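Engineer: File target-v9.cif below, mmCIF, C-alpha atoms:
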data_work
loop_
_atom_site.label_atom_id
_atom_site.label_comp_id
_atom_site.auth_asym_id
_atom_site.auth_seq_id
_atom_site.Cartn_x
_atom_site.Cartn_y
_atom_site.Cartn_z
CA MET A 1 332.94 208.96 125.92
CA PHE A 2 334.56 210.60 122.94
CA ARG A 3 331.82 213.23 122.83
CA TYR A 4 332.29 214.07 126.51
CA THR A 5 336.01 214.43 125.94
CA ILE A 6 335.38 216.86 123.09
CA LEU A 7 332.94 218.84 125.26
CA ILE A 8 335.46 219.11 128.09
CA LEU A 9 338.15 220.25 125.68
CA CYS A 10 335.82 222.88 124.25
CA LEU A 11 334.99 224.19 127.74
CA LEU A 12 338.67 224.33 128.62
CA THR A 13 339.36 226.18 125.38
CA VAL A 14 336.67 228.77 126.16
CA ALA A 15 337.95 229.20 129.70
CA ALA A 16 341.52 229.53 128.49
CA SER A 17 340.55 232.17 125.94
CA ALA A 18 338.91 234.52 128.45
CA SER A 19 340.64 237.74 129.48
CA THR A 20 340.34 239.76 132.67
CA VAL A 21 338.87 243.18 131.96
CA THR A 22 339.06 246.02 134.47
CA LEU A 23 336.89 249.10 134.04
CA THR A 24 337.76 252.43 135.58
CA GLY A 25 335.45 255.41 135.55
CA PRO A 26 333.08 257.66 137.52
CA ILE A 27 331.06 256.06 140.30
CA GLY A 28 327.45 255.38 139.36
CA THR A 29 328.13 255.06 135.63
CA GLU A 30 325.81 252.49 134.02
CA ILE A 31 327.72 249.91 131.99
CA SER A 32 326.59 247.71 129.11
CA ILE A 33 328.81 245.32 127.17
CA ASN A 34 327.69 244.11 123.76
CA GLY A 35 324.27 245.57 124.54
CA THR A 36 323.88 243.66 127.83
CA PRO A 37 323.54 245.83 130.98
CA ILE A 38 325.89 244.66 133.73
CA GLY A 39 325.23 247.28 136.39
CA SER A 40 326.85 250.48 137.59
CA LEU A 41 330.35 251.21 138.81
CA PRO A 42 331.94 250.16 141.08
CA LEU A 43 331.89 246.46 140.28
CA GLU A 44 334.69 243.87 140.05
CA PRO A 45 336.94 242.49 137.27
CA LEU A 46 335.28 240.85 134.28
CA ASP A 47 336.17 237.53 132.66
CA ILE A 48 335.29 238.03 129.01
CA PRO A 49 335.93 235.52 126.19
CA ALA A 50 338.38 236.40 123.45
CA GLY A 51 337.04 238.58 120.66
CA ASN A 52 335.90 242.08 119.84
CA HIS A 53 333.49 243.77 122.22
CA SER A 54 331.65 247.07 122.57
CA LEU A 55 331.22 248.90 125.87
CA THR A 56 328.59 251.60 126.43
CA ALA A 57 328.60 253.82 129.51
CA THR A 58 325.88 256.29 130.47
CA GLN A 59 325.43 258.74 133.33
CA PRO A 60 322.86 261.54 133.82
CA GLY A 61 324.19 264.85 132.55
CA CYS A 62 326.91 263.22 130.45
CA LYS A 63 327.38 262.22 126.84
CA THR A 64 327.11 258.52 126.08
CA PHE A 65 330.55 256.91 126.15
CA ILE A 66 331.22 254.11 123.65
CA ARG A 67 334.47 252.18 123.47
CA ASN A 68 335.37 249.10 121.43
CA PHE A 69 337.97 246.75 122.87
CA SER A 70 339.43 243.33 122.20
CA THR A 71 340.24 240.44 124.51
CA GLY A 72 342.68 237.59 123.99
CA ASP A 73 343.82 234.63 126.10
CA GLN A 74 343.57 234.01 129.83
CA ASN A 75 346.82 235.80 130.62
CA ASP A 76 345.62 239.09 129.13
CA VAL A 77 344.56 241.90 131.45
CA VAL A 78 342.63 244.63 129.66
CA THR A 79 341.88 247.98 131.28
CA VAL A 80 339.21 250.25 129.83
CA ASP A 81 339.25 253.83 131.09
CA ILE A 82 335.78 255.37 130.95
CA LEU A 83 335.92 259.13 130.49
CA MET A 84 332.48 260.73 130.84
CA GLU A 85 332.12 264.15 129.24
CA LYS A 86 329.58 266.49 130.83
CA LEU A 87 326.85 267.87 128.64
CA SER A 88 326.96 271.60 127.91
CA ARG A 89 323.79 273.59 128.59
CA LYS A 90 324.95 276.19 126.07
CA GLU A 91 325.44 273.59 123.34
CA ALA A 92 322.06 272.01 124.10
CA VAL A 93 320.33 275.40 123.74
CA LEU A 94 322.19 276.24 120.52
CA PHE A 95 321.28 272.86 119.03
CA SER A 96 317.64 273.46 119.94
CA LEU A 97 317.73 276.88 118.32
CA ALA A 98 319.15 275.36 115.14
CA PHE A 99 316.27 272.88 114.95
CA ALA A 100 313.77 271.69 117.54
CA GLY A 101 314.75 268.39 119.14
CA LEU A 102 318.47 268.51 118.40
CA GLY A 103 319.17 269.68 121.94
CA GLN A 104 317.11 266.82 123.38
CA ARG A 105 318.93 264.20 121.33
CA TYR A 106 322.19 265.79 122.48
CA GLN A 107 320.94 265.22 126.05
CA ASN A 108 320.22 261.54 125.31
CA LYS A 109 316.44 262.08 125.16
CA PRO A 110 315.73 260.74 121.65
CA ILE A 111 311.96 260.23 121.96
CA LEU A 112 311.28 263.81 122.99
CA GLY A 113 313.90 265.02 120.52
CA TRP A 114 312.44 263.28 117.50
CA THR A 115 308.91 264.34 118.53
CA LEU A 116 309.89 268.01 118.62
CA THR A 117 311.79 267.66 115.35
CA ALA A 118 308.72 266.10 113.70
CA VAL A 119 306.48 268.90 115.00
CA GLU A 120 308.74 271.65 113.66
CA ALA A 121 309.36 269.90 110.33
CA GLY A 122 305.63 269.21 109.90
CA GLY A 123 304.76 272.80 110.79
CA LEU A 124 307.27 274.23 108.34
CA LEU A 125 306.14 271.92 105.55
CA MET A 126 302.45 272.65 106.13
CA GLY A 127 303.24 276.37 106.33
CA LEU A 128 305.02 276.25 102.99
CA LEU A 129 302.19 274.36 101.29
CA SER A 130 299.63 276.73 102.79
CA GLU A 131 301.62 279.73 101.58
CA MET A 132 301.65 278.37 98.03
CA GLU A 133 297.94 277.61 98.21
CA MET A 134 297.20 281.08 99.57
CA LYS A 135 299.03 282.69 96.64
CA ASN A 136 297.01 280.63 94.17
CA HIS A 137 293.76 281.64 95.85
CA ASN A 138 294.93 285.24 95.93
CA ASN A 139 295.44 285.18 92.15
CA ASP A 140 291.96 283.70 91.72
CA TYR A 141 290.55 286.35 94.02
CA LEU A 142 292.13 289.20 92.06
CA VAL A 143 290.72 287.82 88.81
CA ALA A 144 287.25 287.35 90.31
CA LYS A 145 287.35 290.83 91.91
CA ALA A 146 288.37 292.44 88.61
CA ASN A 147 285.53 290.69 86.77
CA TYR A 148 283.04 291.64 89.49
CA ASP A 149 284.07 295.30 89.34
CA SER A 150 283.71 295.36 85.56
CA SER A 151 280.46 293.39 85.36
CA VAL A 152 277.32 295.11 84.14
CA ASP A 153 274.89 292.24 83.64
CA GLU A 154 273.04 291.28 86.84
CA ASP A 155 273.73 287.57 86.43
CA ASP A 156 277.45 288.27 85.91
CA ILE A 157 277.49 290.51 88.95
CA ILE A 158 275.92 287.79 91.11
CA TYR A 159 278.27 285.10 89.74
CA TRP A 160 281.47 287.11 90.18
CA ARG A 161 280.42 288.41 93.56
CA ASP A 162 279.95 284.84 94.79
CA LYS A 163 283.21 283.82 93.15
CA THR A 164 284.99 286.75 94.79
CA ASN A 165 283.62 285.86 98.23
CA THR A 166 284.48 282.18 97.81
CA THR A 167 288.06 282.75 96.70
CA TYR A 168 288.57 285.35 99.44
CA GLN A 169 287.41 282.84 102.06
CA LEU A 170 289.71 280.17 100.64
CA MET A 171 292.59 282.62 100.70
CA SER A 172 291.81 283.54 104.32
CA ASP A 173 291.62 279.87 105.35
CA SER A 174 294.98 279.15 103.72
CA GLU A 175 296.49 282.16 105.47
CA SER A 176 295.13 280.99 108.84
CA LEU A 177 296.50 277.49 108.26
CA ARG A 178 299.89 278.93 107.32
CA ASN A 179 300.01 281.07 110.45
CA THR A 180 298.94 278.16 112.66
CA SER A 181 301.51 275.84 111.11
CA LEU A 182 304.33 278.34 111.52
CA ALA A 183 303.25 279.00 115.10
CA MET A 184 303.35 275.25 115.75
CA ALA A 185 306.88 275.05 114.32
CA ALA A 186 307.98 278.05 116.41
CA GLY A 187 306.37 276.53 119.49
CA ALA A 188 308.38 273.34 119.03
CA VAL A 189 311.57 275.42 118.97
CA VAL A 190 310.54 277.32 122.10
CA VAL A 191 309.72 274.10 123.96
CA SER A 192 313.01 272.56 122.83
CA VAL A 193 315.02 275.59 123.98
CA LEU A 194 313.24 275.86 127.34
CA ASP A 195 313.63 272.14 127.97
CA ALA A 196 317.34 272.36 127.18
CA ALA A 197 317.79 275.44 129.34
CA PHE A 198 315.74 274.63 132.43
CA ARG A 199 314.72 270.97 132.60
CA VAL A 200 318.17 269.51 132.88
CA PRO A 201 319.12 269.32 136.57
CA SER A 202 321.41 266.45 135.61
CA PHE A 203 323.77 269.04 134.12
CA GLU A 204 324.76 269.85 137.67
CA THR A 205 325.71 266.25 138.44
CA LYS A 206 329.17 266.04 139.89
CA ILE A 207 331.35 263.46 138.17
CA THR A 208 333.56 261.64 140.64
CA ASN A 209 336.65 260.53 138.77
CA ASN A 210 338.07 257.31 140.09
CA SER A 211 341.62 258.51 139.69
CA GLU A 212 341.05 259.31 143.37
CA LEU A 213 338.89 256.29 144.14
CA ALA A 214 339.52 253.10 142.20
CA VAL A 215 336.44 251.72 140.50
CA GLN A 216 336.45 248.29 138.98
CA ALA A 217 333.75 246.25 137.29
CA GLY A 218 333.29 242.57 137.38
CA LEU A 219 331.17 239.78 135.99
CA THR A 220 331.76 236.47 134.32
CA PHE A 221 330.37 236.37 130.79
CA ASN A 222 329.43 233.06 129.23
CA PHE A 223 329.05 233.22 125.44
#
Since I need it in another form, could you write the structure as structure tokens?

Structural biologist:
Amino acid sequence: MFRYTILILCLLTVAASASTVTLTGPIGTEISINGTPIGSLPLEPLDIPAGNHSLTATQPGCKTFIRNFSTGDQNDVVTVDILMEKLSRKEAVLFSLAFAGLGQRYQNKPILGWTLTAVEAGGLLMGLLSEMEMKNHNNDYLVAKANYDSSVDEDDIIYWRDKTNTTYQLMSDSESLRNTSLAMAAGAVVVSVLDAAFRVPSFETKITNNSELAVQAGLTFNF
């Protein structure tokens, strides 16, 4: 009996410590609270237990909106105004020009963004290593070519001719790898820029502000 009494008191305490939370924002905005999706606006008032909470709101063509808020006792009424900021096509393109993938992450497309970033970074790194290797082979080629030109003995001529051809081929291979790597890095930038410029119809999404039409969200959270 004593245990049931304690349980009832605990439930009453939880119920008494919940606040009513009203969300206002653009219609169709997807809402998550503490990482749990609760649907899209409009909804109805929320009963949320006392404590600190984090709200995340997303909408195509808009930046992710994050707002932390606190709730207290049952008499509290908390209103969270969700202000969605439209993405800028110009900013997305400029970010992509700065480094491939930045524009995609700005558009809330992290997988594509990080993929393009990895391609450009890998291409630049491989291009740099290939450039260094090409210079080393070029030095070896110049030495071999000088020895071949100055050789008189037939065996020396054959040796240095083969050495010259080998180092020249290695130098050419390194140069080709450098050019391919740099082209890959440049291609990632081009893809990133084109994606930011043309594959974002959501930029044209009209945001309906509920200052004209009231939008409320509602759910009962049990923690």

Engineer: Would you pick out the contacts of Gly51 of chain A at 8 Å or less, using all atoms listed in the file, so that residues sharing its chain but fewer than 3 positions from it are not included, and give the list as a list in words?

Structural biologist: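 Residues near the query, excluding close chain neighbours: Ser70, Thr71 and Gly72 of chain A.
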
Engineer: For atom CA of Ala100 of chain A and atom CA of Ser88 of chain A, quote the distance in Å rounded to one decimal.

Structural biologist: 16.8 Å

Engineer: Can you list, as number ranges by chain, the residues that the PyMOL selection byres ((chain A and resi 141) around 9) selects here?

Structural biologist: A: 136-140, 142-146, 163-168, 171

Engineer: Take atom CA of Gly103 of chain A and atom CA of Ala196 of chain A and report the distance between them in Å, one decimal.

Structural biologist: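 Result for atom CA of Gly103 of chain A versus atom CA of Ala196 of chain A: 6.2 Å, one decimal.
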
Engineer: Compile the contact shell of Tyr106 of chain A as a VMD selection string: residues with an atom at most 10 Å away, counting only C-alpha atoms, same-chain residues fewer than 4 positions apart removed.

Structural biologist: chain A and resid 62 to 64 87 to 88 91 to 93 95 to 96 101 to 102 110 113 196

Engineer: Generate the coordinates of N, CA and C atoms for segment 129-154 of chain A; report them as a short mmCIF file (atom, residue, chain, number, x, y, z; two decimals), in the frame of the given file.

Structural biologist:
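Written out: part27.cif:
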data_model
loop_
_atom_site.label_atom_id
_atom_site.label_comp_id
_atom_site.auth_asym_id
_atom_site.auth_seq_id
_atom_site.Cartn_x
_atom_site.Cartn_y
_atom_site.Cartn_z
N LEU A 129 303.28 274.76 102.19
CA LEU A 129 302.19 274.36 101.29
C LEU A 129 301.02 275.34 101.39
N SER A 130 300.73 275.77 102.60
CA SER A 130 299.63 276.73 102.79
C SER A 130 299.95 278.07 102.14
N GLU A 131 301.21 278.48 102.21
CA GLU A 131 301.62 279.73 101.58
C GLU A 131 301.42 279.67 100.07
N MET A 132 301.82 278.55 99.47
CA MET A 132 301.65 278.37 98.03
C MET A 132 300.17 278.36 97.65
N GLU A 133 299.37 277.68 98.47
CA GLU A 133 297.94 277.61 98.21
C GLU A 133 297.30 278.99 98.36
N MET A 134 297.75 279.75 99.35
CA MET A 134 297.20 281.08 99.57
C MET A 134 297.49 281.99 98.38
N LYS A 135 298.69 281.87 97.81
CA LYS A 135 299.03 282.69 96.64
C LYS A 135 298.16 282.34 95.45
N ASN A 136 297.89 281.05 95.28
CA ASN A 136 297.01 280.63 94.17
C ASN A 136 295.61 281.20 94.36
N HIS A 137 295.09 281.11 95.59
CA HIS A 137 293.76 281.64 95.85
C HIS A 137 293.74 283.17 95.72
N ASN A 138 294.84 283.79 96.05
CA ASN A 138 294.93 285.24 95.93
C ASN A 138 294.85 285.67 94.46
N ASN A 139 295.52 284.89 93.59
CA ASN A 139 295.44 285.18 92.15
C ASN A 139 294.01 285.02 91.65
N ASP A 140 293.35 283.92 92.13
CA ASP A 140 291.96 283.70 91.72
C ASP A 140 291.06 284.83 92.25
N TYR A 141 291.35 285.27 93.43
CA TYR A 141 290.55 286.35 94.02
C TYR A 141 290.70 287.64 93.22
N LEU A 142 291.91 287.97 92.82
CA LEU A 142 292.13 289.20 92.06
C LEU A 142 291.41 289.15 90.72
N VAL A 143 291.43 287.96 90.09
CA VAL A 143 290.72 287.82 88.81
C VAL A 143 289.21 287.98 89.01
N ALA A 144 288.69 287.28 90.05
CA ALA A 144 287.25 287.35 90.31
C ALA A 144 286.84 288.77 90.68
N LYS A 145 287.66 289.45 91.49
CA LYS A 145 287.35 290.83 91.91
C LYS A 145 287.35 291.78 90.72
N ALA A 146 288.30 291.58 89.80
CA ALA A 146 288.37 292.44 88.61
C ALA A 146 287.14 292.23 87.74
N ASN A 147 286.72 290.98 87.57
CA ASN A 147 285.53 290.69 86.77
C ASN A 147 284.26 291.22 87.45
N TYR A 148 284.20 291.12 88.75
CA TYR A 148 283.04 291.64 89.49
C TYR A 148 282.93 293.16 89.35
N ASP A 149 284.08 293.84 89.44
CA ASP A 149 284.07 295.30 89.34
C ASP A 149 283.68 295.77 87.94
N SER A 150 284.00 294.94 86.94
CA SER A 150 283.71 295.36 85.56
C SER A 150 282.40 294.81 85.02
N SER A 151 281.71 293.99 85.83
CA SER A 151 280.46 293.39 85.36
C SER A 151 279.34 294.42 85.31
N VAL A 152 278.48 294.23 84.30
CA VAL A 152 277.32 295.11 84.14
C VAL A 152 276.04 294.30 84.24
N ASP A 153 276.06 293.12 83.62
CA ASP A 153 274.89 292.24 83.64
C ASP A 153 274.66 291.73 85.06
N GLU A 154 273.37 291.68 85.47
CA GLU A 154 273.04 291.28 86.84
C GLU A 154 273.50 289.87 87.15
#
